[in-house]
Amino acid sequence: MPKKLSPEELYKCCDLKMLDFETTADIKPLEGTIGQERAMKALDFGLELDSKGFNIFILGESGTGKMTSIKSLLKKKAEKEPVPSDWCYVYNFKDPDVPRAISLAPGMGEMLQKDMEELIKILKMEIPKVFESKEYEKQRNKVMEEFQKKQRDLFGSLEEEAQAKGFSIRKTVSGLLIVPVKKSGEPLTEEEFEALDEKSKKKVEEIGRMLQEKLDDVVRAVREGEKLVKELLGRLEREAALAAVGHLMDELKNKYKDYEKVTSYLEEVREDILAHLDDFKAPEEQQTPLPFMKPPKAEPTFTRYAVNVLVNNKETKGAPCVFESNPTYYNLFGRIEHKFQYGVAVTDFSMIKAGSLHRANGGYIVIDALDLLRNLFVYDALKRAIRNKELKIEDVWEQYRLISTTTLKPEAIPLNVKVILIGNPFLYYLLYNLDEEYKELFKVKADFDSRMDRNEATIRRYAEFVASKCSEEGLLPFDRSGVAKVIEYGSRLAGHQDKLSSKFSDISDLVREAHYWAKKDNKDVVSVQHVEKALDERVYRHSRIEEHLREMMAEGTLIVETSGEKVGQVNGLAVLGLGDYSFGKPSRITARTYIGKAGVVNIERETKMSGKIHEKAILIISNYLGSKYAIKNPISLSASITFEQLYELVEGDSATCAELYALLSSISGVPLKQSIAVTGSMDQNGEVQPVGGVNEKIEGFFDLCRLRGLDGTHGVIIPKRNLRHLMLKKDVVNAVKEGKFSIYPIEWMEEGLEILTGMPAGELREDGTYPEGTVNYLVMKRLEEISEALKARKEEKEEKEKKQENNND
C-alpha cells in the first residue's frame, strides 16, 4: 500500500530567509518584466528589425503583462529615435478634388500654416490699399485717357469726312450707322430719298456704303483698343499687386527653399492670388431698386490658401507611440468631415482629419487584435496599408451607397510604422492558419507565458513587484510574511510548487485587497493574516454555487456517500469552472455487471452526454480488462458505467481509474470504501497519469467530509505525478497533520484498488492465474463463471433447436 503524503508535501512554503528586508518600503520597486525572457527577446528582435513584414503579434493569456511590457519597451526605445516629419494637406489648384500632401520637418507644418494665415491677412489689407493709391489711379486714368483720346480721334475724323459728304454718324438700337443728312443737318427721310433721281440715289448709296465700311473699321479698331486697355489694366493690376505680394511670397519661398513641394505650392498660390485680385479688393455697394431688400453679400472665401496640418510633431519627443483603444476605420485611417450649408453636405481639404496611423507614422502603433477584427473593413484596410506602405483617406461607405456622391481623394501619404497587435493565442493561430497574408505581414511572434520558474531570483522580483504596486498606488507596505504569502499564492495560481504565475493582474488584485483588510484592521503594514483574509474573502464572494451544491450533498439531495462501503460504487472528482471561480465537485460513479456479450456500456455515451476524451477512456478500460483477464480464454460480460445525478456533458479522462475501480468492484463483489475519493487518468497498461485541477478536487471532497465530520478515514487518491502540483489550502494541510484526512499518491492502478478494498490486488502467476484472497482472483473467477453460464446457455439453446428439427422431421 502506498505511503500517505506528509503535510510538507502538500504545500511549498516560501523561505523567509530569501526575503532580506523588513517591509517592501525597504526595497527598490521592480523595473522591467518578470519571467518573460522568450517574449522580451522576441519583442527586442521585432522592434529592432526594420524590414518589410516584421510586424509583431503579442499573444498570451489575459493579465500576463503584455500591454505593460510593450509600453515600457516602446517608451525606452522611442525616446532615442528621431522625430518624424509633419504632414499637411493643401489645396490643389490644378485638381481641387485631389488635395496635395506635403511633408515638413517637425514643427514646420504649424509654422507654414501660420505663415499662410498671416500672408492672407496682410494681403487682405495691402492689396486694397494698392488699388486705392493715387499712383495706381494716376496710371489707370492715363491708360483710360489715352484710349478715350484715340477713340475720339477715330470717330472725329470719320465724322468730319461724313459731314463733308452729306452724311452723319447716328447711334441706334442696333449700333452705329451712317445716315444721309440735309443741308439743315436733319436726317434724310425715306420719302425724300425716294424723291431723288436715280443718279443721286446711286451716289448716296455708294458714299454711304464706303463710309459704313470705314465706320466698321473704326469700331473694330475701338474694340481692339478696349481689349488692349483691358490687358494693360490687368497688367497694371498685376504689377501693382506684385508690389504687395511679390516680396512676401519671395520671403516665404526663401524660408521653405529646402521643400520643393512647398515652393511649387507657393508659386501656385501667387498665381491664384493674382488671378483673383477682385476677392481682395474692397467690396462695392450694390445699388438695389428696393432698399429694404438688400441681397446678402457674397463674401469671398480664402480657404484654398489655408494649410491643414494633419500631423503636428512639434511637441513630440522621439518616435511616436500610439495605443489605439478603439480601432474603428475612421479612428485608424482618418476621415473627411462634412458640414451642411442650406441642406447640402459640403466639404473641402481643410476638413480632412488624421487617424491613429497618421500620428504613429514614423513610429509605433499598438492595437488590440480582437477590437481590430470586430470593426468592419479595418483588418483588410490595415493589411493593405502595410503591404503598399501608404495611407489613403477614403470614404469607406461610398461603394455601398445607392447614390454616388462627389468627394475628395486626398493624395496618399507614405507609411512607415511598426504595427503591434495584442491578443490571445486563439486569435493568433486563427489568423496564422486561415489568412495567407497574415504570415507575410506579422512575422514576429512574442509569446507571453502564464507562469515562470520559482527560484530565488524570481522570488526577489516578485517582492519588487509588490513594492512597485505599493509605491505606484499608495498602498501600505508588505512585511516579509505578507510577501511570502503572495508568492505562495503565485504558485497556487500556477498550479505547481516550483512555478510562479505571471498573471500579474491577479497578483495586483490580491495586493490591493490585502491592503484594504490591513487598513480595516488599523495596521500600518500588510502581514500574512491580511493576505489570507483577502483570499478567504475572495473565495467567500465567489463560492455561493459551490456552497449550495455542498449543502445539497449534505442533506442528501445530491447523493454522495462519505462513509461505509459499497459494491460497484466509488466517489470520483471533477472541477467545475464558472469563469471567475473553479471548485471541486465529488460525483458518484456506479457500475453494474451481468451475463451477456455487450461489453462495457458507457451510459453517458448512449445518451450523447459524453465527450470524445471520455469515450476514449471507456475504450481504454475495455482494452485493459481484455489484456488483464483474457490471457487464456476470451471474456464475455455486459457492464454499464455512469455518473449518477450528473445532468451535463461529461468530458475528460480524469475519472478513468475511478470508473475501473467501480467496474472491478461490481465484477468481484468486493465493496469499495466510500470515505475515499479518486482522481486519476490511466493508460492501457494500468499506469496512472496526472490530471488537472488536483488542488480544487481534493479541497472539494475535503470540504464535504468536514461538513459531515472528519473521522480519520477520509482521504483522496491522486496520481503520484501530481505531487509537484499540490498547493493545498491551510485547512487541508492541518487536517492531514492531525491525522483526520489522508492523501494517497499512486503510480499504478492496482495501488488504488488495494486502498479502496483493503485487499491485495494480486499479481499474475506463471500459470495465468491470480492467488486466492486477492481482488484479481475474484474478478477472474467471476468472469469465468459468466463465460461458463454463457456457454451452458448456448449449449441448451442448441439442444432445443436440435430437438425441434427432429420433431419437424
# chains A, B, ... in the order shown; residues from 1 in each chain; ligands from 1
call {"tool": "closest_atom_pairs", "arguments": {"of": "segment 680-773 of chain A", "to": "segment 480-501 of chain A", "cutoff": "6 Å", "atoms": "only C-alpha atoms", "output": "tab-separated table"}}
result
residue	atom	partner	partner_atom	distance
A:Arg724	CA	A:Gln497	CA	5.4
A:His725	CA	A:His496	CA	4.1
A:Met727	CA	A:Arg492	CA	5.4
call {"tool": "write_last_selection", "arguments": {"atoms": "N, CA, C and O atoms", "output": "PDB file, in the first residue's frame"}}
result
ATOM      1  N   ARG A 724       3.936  17.450  -7.494  1.00  0.00           N
ATOM      2  CA  ARG A 724       4.519  18.793  -7.633  1.00  0.00           C
ATOM      3  C   ARG A 724       3.461  19.875  -7.866  1.00  0.00           C
ATOM      4  O   ARG A 724       3.773  21.067  -7.815  1.00  0.00           O
ATOM      5  N   HIS A 725       2.213  19.450  -8.140  1.00  0.00           N
ATOM      6  CA  HIS A 725       1.149  20.423  -8.396  1.00  0.00           C
ATOM      7  C   HIS A 725       0.364  20.784  -7.143  1.00  0.00           C
ATOM      8  O   HIS A 725      -0.540  21.620  -7.206  1.00  0.00           O
ATOM      9  N   MET A 727      -0.730  22.566  -3.974  1.00  0.00           N
ATOM     10  CA  MET A 727      -0.606  23.789  -3.183  1.00  0.00           C
ATOM     11  C   MET A 727      -1.950  23.967  -2.474  1.00  0.00           C
ATOM     12  O   MET A 727      -2.757  24.839  -2.795  1.00  0.00           O
TER      13      MET A 727
END
call {"tool": "residues_around", "arguments": {"residues": "Leu625 of chain A", "least_positions_apart": "2", "cutoff": "12 Å", "atoms": "only C-alpha atoms", "output": "number ranges by chain"}}
result
A: 599-600, 618-623, 627-631, 634-637, 639, 660-661, 663-664, 667, 683-686, 776, 779-780, 783
call {"tool": "closest_residue", "arguments": {"among": "A:Asn455, A:Tyr11, A:Ala677, A:Lys791", "to": "Ser742 of chain A", "atoms": "only C-alpha atoms"}}
result
A:Ala677
call {"tool": "select_by_dssp", "arguments": {"residues": "segment 5-125 of chain A", "states": "helix (DSSP H, G or I)", "output": "PyMOL selection string"}}
result
chain A and resi 7-10+16-18+24-26+37-48+66-79+108-125
call {"tool": "closest_residue", "arguments": {"among": "A:Pro128, A:Glu537, A:Glu751, A:Ile786", "to": "Thr593 of chain A", "atoms": "only C-alpha atoms"}}
result
A:Ile786
call {"tool": "residues_around", "arguments": {"residues": "Asp524 of chain A", "least_positions_apart": "6", "cutoff": "8 Å", "atoms": "only C-alpha atoms", "output": "ChimeraX atom specification"}}
result
/A:476-477,518
call {"tool": "residues_around", "arguments": {"residues": "segment 219-227 of chain A", "least_positions_apart": "4", "cutoff": "8 Å", "atoms": "only C-alpha atoms", "output": "number ranges by chain"}}
result
A: 147, 151, 215, 231
call {"tool": "write_last_selection", "arguments": {"atoms": "all heavy atoms", "output": "tab-separated table (two decimals), in the first residue's frame"}}
result
chain	number	residue	atom	x	y	z
A	147	PHE	N	-6.78	105.90	-74.33
A	147	PHE	CA	-7.72	105.11	-75.11
A	147	PHE	C	-8.89	105.98	-75.58
A	147	PHE	O	-9.31	105.95	-76.74
A	147	PHE	CB	-8.23	103.93	-74.30
A	147	PHE	CG	-9.38	103.22	-74.92
A	147	PHE	CD1	-9.22	102.47	-76.09
A	147	PHE	CD2	-10.66	103.31	-74.37
A	147	PHE	CE1	-10.29	101.84	-76.69
A	147	PHE	CE2	-11.73	102.67	-74.96
A	147	PHE	CZ	-11.53	101.93	-76.11
A	151	GLN	N	-9.96	107.02	-79.27
A	151	GLN	CA	-11.33	106.71	-79.70
A	151	GLN	C	-12.00	107.97	-80.28
A	151	GLN	O	-12.66	107.92	-81.33
A	151	GLN	CB	-12.13	106.17	-78.49
A	151	GLN	CG	-13.50	105.65	-78.86
A	151	GLN	CD	-14.24	105.13	-77.64
A	151	GLN	OE1	-13.97	105.55	-76.52
A	151	GLN	NE2	-15.17	104.24	-77.84
A	215	LEU	N	-16.64	103.14	-90.99
A	215	LEU	CA	-17.17	103.12	-89.62
A	215	LEU	C	-16.94	101.75	-88.97
A	215	LEU	O	-16.54	101.66	-87.80
A	215	LEU	CB	-18.66	103.46	-89.62
A	215	LEU	CG	-19.37	103.40	-88.25
A	215	LEU	CD1	-18.76	104.41	-87.29
A	215	LEU	CD2	-20.87	103.66	-88.42
A	231	GLU	N	-6.10	94.47	-71.16
A	231	GLU	CA	-4.82	93.80	-70.88
A	231	GLU	C	-3.88	94.73	-70.13
A	231	GLU	O	-3.20	94.31	-69.19
A	231	GLU	CB	-4.17	93.35	-72.20
A	231	GLU	CG	-4.85	92.17	-72.84
A	231	GLU	CD	-4.20	91.79	-74.17
A	231	GLU	OE1	-3.11	92.33	-74.46
A	231	GLU	OE2	-4.78	90.97	-74.91
call {"tool": "residues_around", "arguments": {"residues": "Phe45 of chain A", "least_positions_apart": "5", "cutoff": "12 Å", "atoms": "only C-alpha atoms", "output": "list in words"}}
result
Arg38, Ala39, Met40, Asp50, Ser51, Phe54, Asn55, Ile56, Leu73, Lys443, Val444, Lys445 and Ala446 of chain A
call {"tool": "atom_distance", "arguments": {"atom1": "atom CA of Glu206 of chain A", "atom2": "atom CA of Ser157 of chain A"}}
result
19.3 Å
call {"tool": "select_by_dssp", "arguments": {"residues": "segment 403-520 of chain A", "states": "strand (DSSP E)", "output": "JSON, numbers by chain"}}
result
{"A": [413, 414, 418, 419, 420, 421, 422, 423, 444, 445, 446, 447, 451, 452, 453, 499, 500, 501]}
call {"tool": "residues_around", "arguments": {"residues": "Asn331 of chain A", "least_positions_apart": "3", "cutoff": "9 Å", "atoms": "only C-alpha atoms", "output": "compact mmCIF listing (two decimals) with N, CA, C and O atoms, in the first residue's frame"}}
result
# COMPACT_ATOMS: atom_id res chain seq x y z
N GLU A 324 -3.98 52.58 -29.72
CA GLU A 324 -5.35 52.82 -30.19
C GLU A 324 -6.31 51.88 -29.47
O GLU A 324 -6.30 50.67 -29.68
N ASN A 326 -9.69 52.14 -29.58
CA ASN A 326 -10.93 51.92 -30.32
C ASN A 326 -10.63 51.96 -31.81
O ASN A 326 -10.85 52.97 -32.49
N PRO A 327 -10.11 50.86 -32.36
CA PRO A 327 -9.63 50.87 -33.76
C PRO A 327 -10.75 50.75 -34.78
O PRO A 327 -10.85 49.76 -35.52
N THR A 328 -11.61 51.77 -34.85
CA THR A 328 -12.59 51.81 -35.93
C THR A 328 -11.87 52.26 -37.20
O THR A 328 -10.73 52.74 -37.15
N GLY A 334 -8.31 57.90 -40.51
CA GLY A 334 -8.71 59.28 -40.73
C GLY A 334 -10.03 59.38 -41.47
O GLY A 334 -10.59 58.39 -41.94
N ARG A 335 -10.53 60.61 -41.60
CA ARG A 335 -11.84 60.81 -42.23
C ARG A 335 -11.89 62.14 -42.95
O ARG A 335 -11.06 63.03 -42.71
N ALA A 354 -6.87 63.49 -39.36
CA ALA A 354 -5.91 62.39 -39.27
C ALA A 354 -6.45 61.24 -38.43
O ALA A 354 -7.31 61.42 -37.57
N GLY A 355 -5.93 60.03 -38.70
CA GLY A 355 -6.22 58.86 -37.88
C GLY A 355 -4.99 58.47 -37.06
O GLY A 355 -3.93 59.12 -37.13
N SER A 356 -5.13 57.40 -36.30
CA SER A 356 -4.03 56.96 -35.44
C SER A 356 -2.79 56.59 -36.24
O SER A 356 -1.66 56.81 -35.80
N LEU A 357 -2.99 56.00 -37.41
CA LEU A 357 -1.83 55.61 -38.23
C LEU A 357 -1.06 56.82 -38.72
O LEU A 357 0.17 56.75 -38.87
call {"tool": "closest_residue", "arguments": {"among": "A:Ser640, A:Asn92, A:Ser505, A:Asn416", "to": "Ile595 of chain A", "atoms": "only C-alpha atoms"}}
result
A:Ser640
call {"tool": "residues_around", "arguments": {"residues": "segment 265-277 of chain A", "least_positions_apart": "5", "cutoff": "10 Å", "atoms": "only C-alpha atoms", "output": "NGL selection string"}}
result
:A and (90-94 or 100 or 102 or 116 or 120 or 123-124 or 127-128 or 234 or 237-239 or 241-242 or 245-246 or 248-250 or 252-253 or 256 or 259-260 or 300 or 302 or 304-305)
